[in-house]
file upload-v9.cif (mmCIF, N, CA and C atoms and all ligand atoms)
data_data
loop_
_atom_site.group_PDB
_atom_site.id
_atom_site.type_symbol
_atom_site.label_atom_id
_atom_site.label_comp_id
_atom_site.auth_asym_id
_atom_site.auth_seq_id
_atom_site.Cartn_x
_atom_site.Cartn_y
_atom_site.Cartn_z
ATOM 1 N N MET A 1164 14.572 -9.574 -18.051
ATOM 2 C CA MET A 1164 13.121 -9.432 -18.217
ATOM 3 C C MET A 1164 12.392 -9.725 -16.909
ATOM 4 N N GLU A 1165 11.433 -8.901 -16.621
ATOM 5 C CA GLU A 1165 10.696 -9.062 -15.375
ATOM 6 C C GLU A 1165 10.010 -10.429 -15.316
ATOM 7 N N SER A 1166 9.513 -10.899 -16.428
ATOM 8 C CA SER A 1166 8.745 -12.141 -16.428
ATOM 9 C C SER A 1166 9.629 -13.351 -16.131
ATOM 10 N N GLU A 1167 10.948 -13.163 -16.201
ATOM 11 C CA GLU A 1167 11.827 -14.298 -15.937
ATOM 12 C C GLU A 1167 12.313 -14.340 -14.485
ATOM 13 N N LEU A 1168 11.975 -13.291 -13.727
ATOM 14 C CA LEU A 1168 12.358 -13.306 -12.318
ATOM 15 C C LEU A 1168 11.536 -14.358 -11.599
ATOM 16 N N PRO A 1169 12.158 -15.022 -10.631
ATOM 17 C CA PRO A 1169 11.350 -15.965 -9.850
ATOM 18 C C PRO A 1169 10.248 -15.225 -9.107
ATOM 19 N N VAL A 1170 9.122 -15.877 -8.954
ATOM 20 C CA VAL A 1170 7.975 -15.283 -8.277
ATOM 21 C C VAL A 1170 7.707 -16.116 -7.043
ATOM 22 N N PHE A 1171 7.509 -15.428 -5.922
ATOM 23 C CA PHE A 1171 7.271 -16.152 -4.674
ATOM 24 C C PHE A 1171 5.938 -15.759 -4.072
ATOM 25 N N CYS A 1172 5.308 -16.712 -3.424
ATOM 26 C CA CYS A 1172 4.061 -16.426 -2.717
ATOM 27 C C CYS A 1172 4.350 -15.448 -1.587
ATOM 28 N N GLU A 1173 3.535 -14.397 -1.499
ATOM 29 C CA GLU A 1173 3.739 -13.355 -0.496
ATOM 30 C C GLU A 1173 3.578 -13.899 0.924
ATOM 31 N N ARG A 1174 2.794 -14.944 1.088
ATOM 32 C CA ARG A 1174 2.523 -15.446 2.434
ATOM 33 C C ARG A 1174 3.391 -16.626 2.833
ATOM 34 N N CYS A 1175 3.562 -17.604 1.956
ATOM 35 C CA CYS A 1175 4.288 -18.802 2.389
ATOM 36 C C CYS A 1175 5.628 -18.969 1.668
ATOM 37 N N SER A 1176 5.956 -17.992 0.786
ATOM 38 C CA SER A 1176 7.252 -17.977 0.109
ATOM 39 C C SER A 1176 7.502 -19.157 -0.827
ATOM 40 N N THR A 1177 6.471 -19.898 -1.150
ATOM 41 C CA THR A 1177 6.614 -20.956 -2.157
ATOM 42 C C THR A 1177 6.999 -20.332 -3.488
ATOM 43 N N GLU A 1178 7.912 -20.968 -4.200
ATOM 44 C CA GLU A 1178 8.244 -20.448 -5.516
ATOM 45 C C GLU A 1178 7.119 -20.803 -6.480
ATOM 46 N N LEU A 1179 6.734 -19.813 -7.265
ATOM 47 C CA LEU A 1179 5.602 -19.983 -8.170
ATOM 48 C C LEU A 1179 6.102 -19.961 -9.607
ATOM 49 N N THR A 1180 5.457 -20.724 -10.450
ATOM 50 C CA THR A 1180 5.897 -20.812 -11.839
ATOM 51 C C THR A 1180 4.901 -20.132 -12.769
ATOM 52 N N PRO A 1181 5.305 -18.994 -13.328
ATOM 53 C CA PRO A 1181 4.399 -18.309 -14.252
ATOM 54 C C PRO A 1181 4.032 -19.215 -15.417
ATOM 55 N N GLY A 1182 2.819 -19.070 -15.908
ATOM 56 C CA GLY A 1182 2.393 -19.844 -17.071
ATOM 57 C C GLY A 1182 1.684 -21.133 -16.725
ATOM 58 N N ARG A 1183 1.715 -21.505 -15.432
ATOM 59 C CA ARG A 1183 1.082 -22.761 -15.040
ATOM 60 C C ARG A 1183 -0.282 -22.548 -14.403
ATOM 61 N N GLY A 1184 -0.594 -21.293 -14.128
ATOM 62 C CA GLY A 1184 -1.888 -21.022 -13.514
ATOM 63 C C GLY A 1184 -1.973 -21.540 -12.095
ATOM 64 N N ASP A 1185 -0.814 -21.629 -11.410
ATOM 65 C CA ASP A 1185 -0.868 -22.165 -10.047
ATOM 66 C C ASP A 1185 -0.797 -21.067 -8.984
ATOM 67 N N PHE A 1186 -0.962 -19.836 -9.407
ATOM 68 C CA PHE A 1186 -0.986 -18.766 -8.407
ATOM 69 C C PHE A 1186 -1.830 -17.595 -8.904
ATOM 70 N N TYR A 1187 -2.073 -16.654 -8.001
ATOM 71 C CA TYR A 1187 -2.882 -15.488 -8.317
ATOM 72 C C TYR A 1187 -2.034 -14.237 -8.193
ATOM 73 N N VAL A 1188 -2.336 -13.266 -9.040
ATOM 74 C CA VAL A 1188 -1.715 -11.952 -8.933
ATOM 75 C C VAL A 1188 -2.744 -11.053 -8.267
ATOM 76 N N VAL A 1189 -2.343 -10.408 -7.171
ATOM 77 C CA VAL A 1189 -3.271 -9.551 -6.435
ATOM 78 C C VAL A 1189 -2.803 -8.116 -6.544
ATOM 79 N N LYS A 1190 -3.708 -7.262 -6.930
ATOM 80 C CA LYS A 1190 -3.394 -5.838 -7.000
ATOM 81 C C LYS A 1190 -4.306 -5.110 -6.029
ATOM 82 N N VAL A 1191 -3.715 -4.288 -5.187
ATOM 83 C CA VAL A 1191 -4.489 -3.545 -4.202
ATOM 84 C C VAL A 1191 -4.205 -2.068 -4.408
ATOM 85 N N GLU A 1192 -5.248 -1.308 -4.460
ATOM 86 C CA GLU A 1192 -5.084 0.127 -4.566
ATOM 87 C C GLU A 1192 -5.738 0.740 -3.339
ATOM 88 N N ALA A 1193 -4.960 1.535 -2.603
ATOM 89 C CA ALA A 1193 -5.487 2.115 -1.374
ATOM 90 C C ALA A 1193 -5.174 3.590 -1.337
ATOM 91 N N TYR A 1194 -6.123 4.347 -0.905
ATOM 92 C CA TYR A 1194 -5.861 5.776 -0.776
ATOM 93 C C TYR A 1194 -6.615 6.336 0.414
ATOM 94 N N ALA A 1195 -6.034 7.394 0.973
ATOM 95 C CA ALA A 1195 -6.670 8.017 2.123
ATOM 96 C C ALA A 1195 -7.938 8.709 1.671
ATOM 97 N N GLU A 1196 -8.945 8.616 2.509
ATOM 98 C CA GLU A 1196 -10.234 9.202 2.172
ATOM 99 C C GLU A 1196 -10.125 10.726 2.143
ATOM 100 N N ALA A 1197 -9.226 11.283 2.961
ATOM 101 C CA ALA A 1197 -9.007 12.726 2.969
ATOM 102 C C ALA A 1197 -7.515 12.992 2.794
ATOM 103 N N GLY A 1198 -7.167 14.225 2.583
ATOM 104 C CA GLY A 1198 -5.762 14.575 2.389
ATOM 105 C C GLY A 1198 -4.961 14.346 3.649
ATOM 106 N N PRO A 1199 -3.634 14.384 3.514
ATOM 107 C CA PRO A 1199 -2.761 14.095 4.654
ATOM 108 C C PRO A 1199 -2.690 15.227 5.669
ATOM 109 N N VAL A 1200 -2.999 16.435 5.264
ATOM 110 C CA VAL A 1200 -2.885 17.563 6.185
ATOM 111 C C VAL A 1200 -4.250 17.845 6.794
ATOM 112 N N VAL A 1201 -4.317 17.643 8.098
ATOM 113 C CA VAL A 1201 -5.573 17.879 8.797
ATOM 114 C C VAL A 1201 -5.406 19.102 9.676
ATOM 115 N N ILE A 1202 -6.213 20.105 9.454
ATOM 116 C CA ILE A 1202 -6.133 21.320 10.265
ATOM 117 C C ILE A 1202 -7.314 21.318 11.217
ATOM 118 N N THR A 1203 -6.977 21.302 12.487
ATOM 119 C CA THR A 1203 -8.032 21.233 13.496
ATOM 120 C C THR A 1203 -8.387 22.625 13.990
ATOM 121 N N GLU A 1204 -9.472 22.683 14.730
ATOM 122 C CA GLU A 1204 -9.866 23.972 15.316
ATOM 123 C C GLU A 1204 -8.768 24.508 16.212
ATOM 124 N N GLU A 1205 -8.099 23.594 16.896
ATOM 125 C CA GLU A 1205 -6.999 23.979 17.776
ATOM 126 C C GLU A 1205 -5.908 24.705 16.998
ATOM 127 N N ASP A 1206 -5.589 24.174 15.835
ATOM 128 C CA ASP A 1206 -4.581 24.805 15.005
ATOM 129 C C ASP A 1206 -4.987 26.236 14.680
ATOM 130 N N LEU A 1207 -6.252 26.401 14.346
ATOM 131 C CA LEU A 1207 -6.728 27.716 13.925
ATOM 132 C C LEU A 1207 -6.790 28.690 15.087
ATOM 133 N N ALA A 1208 -6.905 28.161 16.304
ATOM 134 C CA ALA A 1208 -7.020 29.025 17.473
ATOM 135 C C ALA A 1208 -5.687 29.670 17.846
ATOM 136 N N GLY A 1209 -4.597 29.027 17.445
ATOM 137 C CA GLY A 1209 -3.287 29.556 17.811
ATOM 138 C C GLY A 1209 -2.822 30.669 16.888
ATOM 139 N N ASP A 1210 -1.538 30.889 16.905
ATOM 140 C CA ASP A 1210 -0.927 31.879 16.036
ATOM 141 C C ASP A 1210 -0.909 31.309 14.617
ATOM 142 N N GLN A 1211 -1.833 31.775 13.803
ATOM 143 C CA GLN A 1211 -2.011 31.135 12.502
ATOM 144 C C GLN A 1211 -0.804 31.267 11.594
ATOM 145 N N GLU A 1212 -0.187 32.433 11.622
ATOM 146 C CA GLU A 1212 0.972 32.606 10.756
ATOM 147 C C GLU A 1212 2.077 31.636 11.138
ATOM 148 N N LYS A 1213 2.256 31.495 12.452
ATOM 149 C CA LYS A 1213 3.288 30.599 12.947
ATOM 150 C C LYS A 1213 2.931 29.159 12.571
ATOM 151 N N LYS A 1214 1.648 28.807 12.745
ATOM 152 C CA LYS A 1214 1.208 27.446 12.428
ATOM 153 C C LYS A 1214 1.426 27.118 10.957
ATOM 154 N N MET A 1215 1.067 28.067 10.109
ATOM 155 C CA MET A 1215 1.243 27.827 8.678
ATOM 156 C C MET A 1215 2.719 27.616 8.366
ATOM 157 N N GLY A 1216 3.561 28.426 9.026
ATOM 158 C CA GLY A 1216 4.996 28.272 8.827
ATOM 159 C C GLY A 1216 5.439 26.880 9.233
ATOM 160 N N GLU A 1217 4.913 26.388 10.348
ATOM 161 C CA GLU A 1217 5.283 25.058 10.826
ATOM 162 C C GLU A 1217 4.827 23.980 9.854
ATOM 163 N N ILE A 1218 3.623 24.148 9.349
ATOM 164 C CA ILE A 1218 3.103 23.145 8.406
ATOM 165 C C ILE A 1218 3.946 23.123 7.140
ATOM 166 N N LEU A 1219 4.254 24.319 6.629
ATOM 167 C CA LEU A 1219 5.069 24.380 5.414
ATOM 168 C C LEU A 1219 6.451 23.811 5.674
ATOM 169 N N GLU A 1220 6.992 24.115 6.849
ATOM 170 C CA GLU A 1220 8.318 23.603 7.196
ATOM 171 C C GLU A 1220 8.309 22.080 7.237
ATOM 172 N N SER A 1221 7.257 21.534 7.836
ATOM 173 C CA SER A 1221 7.184 20.077 7.971
ATOM 174 C C SER A 1221 7.038 19.405 6.615
ATOM 175 N N MET A 1222 6.547 20.135 5.644
ATOM 176 C CA MET A 1222 6.377 19.547 4.325
ATOM 177 C C MET A 1222 7.644 19.680 3.477
ATOM 178 N N GLU A 1223 8.525 20.578 3.903
ATOM 179 C CA GLU A 1223 9.786 20.713 3.186
ATOM 180 C C GLU A 1223 10.587 19.445 3.355
ATOM 181 N N GLY A 1224 11.290 19.050 2.339
ATOM 182 C CA GLY A 1224 12.084 17.837 2.450
ATOM 183 C C GLY A 1224 11.290 16.593 2.121
ATOM 184 N N ILE A 1225 9.982 16.751 1.959
ATOM 185 C CA ILE A 1225 9.176 15.624 1.504
ATOM 186 C C ILE A 1225 9.044 15.748 -0.003
ATOM 187 N N SER A 1226 9.471 14.742 -0.700
ATOM 188 C CA SER A 1226 9.362 14.795 -2.156
ATOM 189 C C SER A 1226 7.911 14.620 -2.566
ATOM 190 N N ALA A 1227 7.622 15.011 -3.776
ATOM 191 C CA ALA A 1227 6.257 14.844 -4.267
ATOM 192 C C ALA A 1227 5.854 13.381 -4.206
ATOM 193 N N GLN A 1228 6.811 12.502 -4.490
ATOM 194 C CA GLN A 1228 6.503 11.070 -4.481
ATOM 195 C C GLN A 1228 6.146 10.604 -3.073
ATOM 196 N N GLU A 1229 6.919 11.079 -2.100
ATOM 197 C CA GLU A 1229 6.638 10.679 -0.718
ATOM 198 C C GLU A 1229 5.282 11.204 -0.272
ATOM 199 N N ALA A 1230 4.966 12.421 -0.704
ATOM 200 C CA ALA A 1230 3.674 12.988 -0.347
ATOM 201 C C ALA A 1230 2.555 12.145 -0.947
ATOM 202 N N MET A 1231 2.744 11.682 -2.165
ATOM 203 C CA MET A 1231 1.751 10.828 -2.806
ATOM 204 C C MET A 1231 1.638 9.491 -2.076
ATOM 205 N N ASP A 1232 2.790 8.937 -1.704
ATOM 206 C CA ASP A 1232 2.786 7.648 -1.017
ATOM 207 C C ASP A 1232 1.979 7.711 0.265
ATOM 208 N N ALA A 1233 1.983 8.890 0.889
ATOM 209 C CA ALA A 1233 1.286 9.028 2.164
ATOM 210 C C ALA A 1233 -0.218 8.887 1.981
ATOM 211 N N VAL A 1234 -0.709 9.161 0.819
ATOM 212 C CA VAL A 1234 -2.156 9.120 0.628
ATOM 213 C C VAL A 1234 -2.589 8.048 -0.353
ATOM 214 N N HIS A 1235 -1.668 7.473 -1.048
ATOM 215 C CA HIS A 1235 -2.047 6.568 -2.130
ATOM 216 C C HIS A 1235 -1.019 5.457 -2.257
ATOM 217 N N ARG A 1236 -1.428 4.237 -2.081
ATOM 218 C CA ARG A 1236 -0.500 3.115 -2.203
ATOM 219 C C ARG A 1236 -1.048 2.106 -3.192
ATOM 220 N N ARG A 1237 -0.165 1.585 -3.981
ATOM 221 C CA ARG A 1237 -0.538 0.514 -4.889
ATOM 222 C C ARG A 1237 0.316 -0.690 -4.554
ATOM 223 N N LEU A 1238 -0.319 -1.775 -4.219
ATOM 224 C CA LEU A 1238 0.414 -2.993 -3.892
ATOM 225 C C LEU A 1238 0.163 -4.023 -4.974
ATOM 226 N N HIS A 1239 1.153 -4.850 -5.149
ATOM 227 C CA HIS A 1239 1.100 -5.829 -6.219
ATOM 228 C C HIS A 1239 1.844 -7.041 -5.683
ATOM 229 N N PHE A 1240 1.152 -8.143 -5.513
ATOM 230 C CA PHE A 1240 1.838 -9.318 -5.000
ATOM 231 C C PHE A 1240 1.217 -10.598 -5.535
ATOM 232 N N HIS A 1241 1.874 -11.697 -5.237
ATOM 233 C CA HIS A 1241 1.447 -12.995 -5.741
ATOM 234 C C HIS A 1241 1.089 -13.903 -4.575
ATOM 235 N N LEU A 1242 0.078 -14.720 -4.784
ATOM 236 C CA LEU A 1242 -0.308 -15.702 -3.776
ATOM 237 C C LEU A 1242 -0.513 -17.047 -4.461
ATOM 238 N N CYS A 1243 0.015 -18.096 -3.824
ATOM 239 C CA CYS A 1243 -0.243 -19.432 -4.358
ATOM 240 C C CYS A 1243 -1.730 -19.745 -4.153
ATOM 241 N N ARG A 1244 -2.204 -20.792 -4.787
ATOM 242 C CA ARG A 1244 -3.635 -21.087 -4.729
ATOM 243 C C ARG A 1244 -4.166 -21.220 -3.303
ATOM 244 N N SER A 1245 -3.436 -21.961 -2.464
ATOM 245 C CA SER A 1245 -4.001 -22.194 -1.128
ATOM 246 C C SER A 1245 -3.970 -20.919 -0.289
ATOM 247 N N CYS A 1246 -2.896 -20.134 -0.426
ATOM 248 C CA CYS A 1246 -2.847 -18.875 0.322
ATOM 249 C C CYS A 1246 -3.918 -17.914 -0.196
ATOM 250 N N TYR A 1247 -4.125 -17.918 -1.493
ATOM 251 C CA TYR A 1247 -5.137 -17.040 -2.064
ATOM 252 C C TYR A 1247 -6.507 -17.363 -1.496
ATOM 253 N N ARG A 1248 -6.815 -18.670 -1.446
ATOM 254 C CA ARG A 1248 -8.144 -19.067 -0.951
ATOM 255 C C ARG A 1248 -8.352 -18.599 0.477
ATOM 256 N N ALA A 1249 -7.296 -18.678 1.292
ATOM 257 C CA ALA A 1249 -7.415 -18.226 2.674
ATOM 258 C C ALA A 1249 -7.504 -16.701 2.738
ATOM 259 N N TRP A 1250 -6.680 -16.050 1.924
ATOM 260 C CA TRP A 1250 -6.599 -14.595 1.976
ATOM 261 C C TRP A 1250 -7.877 -13.921 1.494
ATOM 262 N N ILE A 1251 -8.432 -14.420 0.396
ATOM 263 C CA ILE A 1251 -9.560 -13.723 -0.213
ATOM 264 C C ILE A 1251 -10.791 -13.732 0.690
ATOM 265 N N GLU A 1252 -10.831 -14.705 1.624
ATOM 266 C CA GLU A 1252 -11.947 -14.733 2.565
ATOM 267 C C GLU A 1252 -11.838 -13.606 3.587
ATOM 268 N N LYS A 1253 -10.600 -13.264 3.917
ATOM 269 C CA LYS A 1253 -10.358 -12.215 4.914
ATOM 270 C C LYS A 1253 -9.201 -11.348 4.468
ATOM 271 N N PRO A 1254 -9.384 -10.564 3.444
ATOM 272 C CA PRO A 1254 -8.261 -9.791 2.906
ATOM 273 C C PRO A 1254 -7.704 -8.772 3.880
ATOM 274 N N ALA A 1255 -8.485 -8.338 4.849
ATOM 275 C CA ALA A 1255 -8.013 -7.285 5.747
ATOM 276 C C ALA A 1255 -7.479 -7.832 7.059
ATOM 277 N N GLY A 1256 -7.378 -9.138 7.210
ATOM 278 C CA GLY A 1256 -6.857 -9.627 8.476
ATOM 279 C C GLY A 1256 -7.085 -11.110 8.633
ATOM 280 N N GLY A 1257 -7.241 -11.538 9.865
ATOM 281 C CA GLY A 1257 -7.435 -12.958 10.115
ATOM 282 C C GLY A 1257 -6.111 -13.644 10.348
ATOM 283 N N ASP A 1258 -6.152 -14.969 10.436
ATOM 284 C CA ASP A 1258 -4.949 -15.738 10.752
ATOM 285 C C ASP A 1258 -3.919 -15.592 9.644
ATOM 286 N N GLY A 1259 -2.705 -15.209 10.071
ATOM 287 C CA GLY A 1259 -1.613 -15.124 9.126
ATOM 288 C C GLY A 1259 -1.847 -14.142 8.001
ATOM 289 N N GLY A 1260 -2.553 -13.072 8.298
ATOM 290 C CA GLY A 1260 -2.780 -12.058 7.270
ATOM 291 C C GLY A 1260 -1.468 -11.475 6.790
ATOM 292 N N LEU A 1261 -1.547 -10.740 5.734
ATOM 293 C CA LEU A 1261 -0.325 -10.218 5.128
ATOM 294 C C LEU A 1261 0.443 -9.326 6.082
HETATM 295 ZN ZN ZN B 1 1.375 -19.468 -0.416
#
call {"tool": "encode", "arguments": {"input": "upload-v9.cif", "output": "structure tokens", "more": "lines below"}}
Ligand SMILES: [Zn+2]
result
Amino acid sequence: MESELPVFCERCSTELTPGRGDFYVVKVEAYAEAGPVVITEEDLAGDQEKKMGEILESMEGISAQEAMDAVHRRLHFHLCRSCYRAWIEKPAGGDGGL
């Protein structure tokens, strides 16, 4: 069972005990504001058929899941109380950020 796996603080690796309320569960959802394929004016100025072929070729071998991962990430982690207090003040950086 997943709930019986040990849980560790993402920042300081302290072992956390579910059910005691001594840690926080953090869920982050991030996605790119635009799609992963950016076509510039330069691209359009060249040999378009060739460019399209290159773009399609570069996408071959990328699974649908990998393509999704490139634009959309869901993170799920645990922080002990003290790490949480430090992290929530500066979730995007600062000292010892994730
Ligand atoms: Zn911690």
call {"tool": "resolve_selection", "arguments": {"input": "upload-v9.cif", "expression": "the PyMOL selection byres (((chain A and resi 1181) around 8) and not hetatm)", "output": "ChimeraX atom specification"}}
result
/A:1166,1168-1170,1178-1180,1182-1186
call {"tool": "closest_atom_pairs", "arguments": {"input": "upload-v9.cif", "of": "chain A", "to": "ligand ZN 1 (chain B)", "cutoff": "5 Å", "atoms": "only N, CA and C atoms and all ligand atoms", "output": "Markdown table"}}
result
| residue | atom | partner | partner_atom | distance |
| --- | --- | --- | --- | --- |
| A:Cys1172 | CA | B:ZN1 | ZN | 4.7 |
| A:Arg1174 | C | B:ZN1 | ZN | 4.8 |
| A:Cys1175 | N | B:ZN1 | ZN | 3.7 |
| A:Ser1176 | N | B:ZN1 | ZN | 5.0 |
| A:Cys1243 | N | B:ZN1 | ZN | 3.9 |
| A:Cys1246 | N | B:ZN1 | ZN | 4.3 |
call {"tool": "write_last_selection", "arguments": {"input": "upload-v9.cif", "atoms": "N, CA and C atoms", "output": "compact mmCIF listing (two decimals), keeping the file's coordinate frame"}}
result
# COMPACT_ATOMS: atom_id res chain seq x y z
N CYS A 1172 5.31 -16.71 -3.42
CA CYS A 1172 4.06 -16.43 -2.72
C CYS A 1172 4.35 -15.45 -1.59
N ARG A 1174 2.79 -14.94 1.09
CA ARG A 1174 2.52 -15.45 2.43
C ARG A 1174 3.39 -16.63 2.83
N CYS A 1175 3.56 -17.60 1.96
CA CYS A 1175 4.29 -18.80 2.39
C CYS A 1175 5.63 -18.97 1.67
N SER A 1176 5.96 -17.99 0.79
CA SER A 1176 7.25 -17.98 0.11
C SER A 1176 7.50 -19.16 -0.83
N CYS A 1243 0.02 -18.10 -3.82
CA CYS A 1243 -0.24 -19.43 -4.36
C CYS A 1243 -1.73 -19.74 -4.15
N CYS A 1246 -2.90 -20.13 -0.43
CA CYS A 1246 -2.85 -18.88 0.32
C CYS A 1246 -3.92 -17.91 -0.20
call {"tool": "closest_residue", "arguments": {"input": "upload-v9.cif", "among": "A:Leu1242, A:Glu1223, A:Gly1256, A:Tyr1247", "to": "Val1188 in chain A", "atoms": "all atoms listed in the file"}}
result
A:Leu1242
call {"tool": "closest_residue", "arguments": {"input": "upload-v9.cif", "among": "A:His1241, A:Ala1227, A:Arg1248, A:Glu1192", "to": "Phe1171 in chain A", "atoms": "only N, CA and C atoms"}}
result
A:His1241
call {"tool": "closest_residue", "arguments": {"input": "upload-v9.cif", "among": "A:Asp1210, A:Glu1204, A:Glu1220, A:Glu1173", "to": "Leu1238 in chain A", "atoms": "only C-alpha atoms"}}
result
A:Glu1173
call {"tool": "atom_distance", "arguments": {"input": "upload-v9.cif", "atom1": "atom C of Val1189 in chain A", "atom2": "atom C of Val1234 in chain A"}}
result
17.3 Å
call {"tool": "closest_residue", "arguments": {"input": "upload-v9.cif", "among": "A:Ala1249, A:Ala1255, A:Ala1233, A:Met1215", "to": "Ala1195 in chain A", "atoms": "all atoms listed in the file"}}
result
A:Ala1233
call {"tool": "select_by_dssp", "arguments": {"input": "upload-v9.cif", "residues": "range 1191-1257 of chain A", "states": "strand (DSSP E or B)", "output": "list of chain:residue names"}}
result
A:Val1191, A:Glu1192, A:Ala1193, A:Tyr1194, A:His1235, A:Arg1236, A:Arg1237, A:Leu1238, A:His1239, A:Phe1240, A:His1241, A:Leu1242, A:Cys1243
call {"tool": "residues_around", "arguments": {"input": "upload-v9.cif", "residues": "Lys1190 in chain A", "least_positions_apart": "3", "cutoff": "7 Å", "atoms": "only N, CA and C atoms", "output": "number ranges by chain"}}
result
A: 1237-1240
call {"tool": "atom_distance", "arguments": {"input": "upload-v9.cif", "atom1": "CA of Met1222 in chain A", "atom2": "atom C of His1235 in chain A"}}
result
17.2 Å
call {"tool": "select_by_dssp", "arguments": {"input": "upload-v9.cif", "residues": "range 1174-1260 of chain A", "states": "helix (DSSP H, G or I)", "output": "ChimeraX atom specification"}}
result
/A:1204-1208,1211-1222,1227-1234,1244-1252
call {"tool": "atom_distance", "arguments": {"input": "upload-v9.cif", "atom1": "CA of Thr1177 in chain A", "atom2": "CA of Pro1254 in chain A"}}
result
19.3 Å
call {"tool": "build_atoms", "arguments": {"input": "upload-v9.cif", "residues": "range 1205-1217 of chain A", "atoms": "N, CA, C and O atoms", "output": "PDB file, in the frame of the given file"}}
result
ATOM      1  N   GLU A1205      -8.099  23.594  16.896  1.00  0.00           N
ATOM      2  CA  GLU A1205      -6.999  23.979  17.776  1.00  0.00           C
ATOM      3  C   GLU A1205      -5.908  24.705  16.998  1.00  0.00           C
ATOM      4  O   GLU A1205      -5.370  25.701  17.450  1.00  0.00           O
ATOM      5  N   ASP A1206      -5.589  24.174  15.835  1.00  0.00           N
ATOM      6  CA  ASP A1206      -4.581  24.805  15.005  1.00  0.00           C
ATOM      7  C   ASP A1206      -4.987  26.236  14.680  1.00  0.00           C
ATOM      8  O   ASP A1206      -4.187  27.155  14.736  1.00  0.00           O
ATOM      9  N   LEU A1207      -6.252  26.401  14.346  1.00  0.00           N
ATOM     10  CA  LEU A1207      -6.728  27.716  13.925  1.00  0.00           C
ATOM     11  C   LEU A1207      -6.790  28.690  15.087  1.00  0.00           C
ATOM     12  O   LEU A1207      -6.709  29.899  14.904  1.00  0.00           O
ATOM     13  N   ALA A1208      -6.905  28.161  16.304  1.00  0.00           N
ATOM     14  CA  ALA A1208      -7.020  29.025  17.473  1.00  0.00           C
ATOM     15  C   ALA A1208      -5.687  29.670  17.846  1.00  0.00           C
ATOM     16  O   ALA A1208      -5.655  30.720  18.459  1.00  0.00           O
ATOM     17  N   GLY A1209      -4.597  29.027  17.445  1.00  0.00           N
ATOM     18  CA  GLY A1209      -3.287  29.556  17.811  1.00  0.00           C
ATOM     19  C   GLY A1209      -2.822  30.669  16.888  1.00  0.00           C
ATOM     20  O   GLY A1209      -3.616  31.302  16.203  1.00  0.00           O
ATOM     21  N   ASP A1210      -1.538  30.889  16.905  1.00  0.00           N
ATOM     22  CA  ASP A1210      -0.927  31.879  16.036  1.00  0.00           C
ATOM     23  C   ASP A1210      -0.909  31.309  14.617  1.00  0.00           C
ATOM     24  O   ASP A1210      -0.096  30.463  14.289  1.00  0.00           O
ATOM     25  N   GLN A1211      -1.833  31.775  13.803  1.00  0.00           N
ATOM     26  CA  GLN A1211      -2.011  31.135  12.502  1.00  0.00           C
ATOM     27  C   GLN A1211      -0.804  31.267  11.594  1.00  0.00           C
ATOM     28  O   GLN A1211      -0.459  30.328  10.885  1.00  0.00           O
ATOM     29  N   GLU A1212      -0.187  32.433  11.622  1.00  0.00           N
ATOM     30  CA  GLU A1212       0.972  32.606  10.756  1.00  0.00           C
ATOM     31  C   GLU A1212       2.077  31.636  11.138  1.00  0.00           C
ATOM     32  O   GLU A1212       2.714  31.022  10.290  1.00  0.00           O
ATOM     33  N   LYS A1213       2.256  31.495  12.452  1.00  0.00           N
ATOM     34  CA  LYS A1213       3.288  30.599  12.947  1.00  0.00           C
ATOM     35  C   LYS A1213       2.931  29.159  12.571  1.00  0.00           C
ATOM     36  O   LYS A1213       3.767  28.376  12.142  1.00  0.00           O
ATOM     37  N   LYS A1214       1.648  28.807  12.745  1.00  0.00           N
ATOM     38  CA  LYS A1214       1.208  27.446  12.428  1.00  0.00           C
ATOM     39  C   LYS A1214       1.426  27.118  10.957  1.00  0.00           C
ATOM     40  O   LYS A1214       1.908  26.049  10.612  1.00  0.00           O
ATOM     41  N   MET A1215       1.067  28.067  10.109  1.00  0.00           N
ATOM     42  CA  MET A1215       1.243  27.827   8.678  1.00  0.00           C
ATOM     43  C   MET A1215       2.719  27.616   8.366  1.00  0.00           C
ATOM     44  O   MET A1215       3.083  26.742   7.578  1.00  0.00           O
ATOM     45  N   GLY A1216       3.561  28.426   9.026  1.00  0.00           N
ATOM     46  CA  GLY A1216       4.996  28.272   8.827  1.00  0.00           C
ATOM     47  C   GLY A1216       5.439  26.880   9.233  1.00  0.00           C
ATOM     48  O   GLY A1216       6.231  26.238   8.536  1.00  0.00           O
ATOM     49  N   GLU A1217       4.913  26.388  10.348  1.00  0.00           N
ATOM     50  CA  GLU A1217       5.283  25.058  10.826  1.00  0.00           C
ATOM     51  C   GLU A1217       4.827  23.980   9.854  1.00  0.00           C
ATOM     52  O   GLU A1217       5.551  23.028   9.579  1.00  0.00           O
TER      53      GLU A1217
END
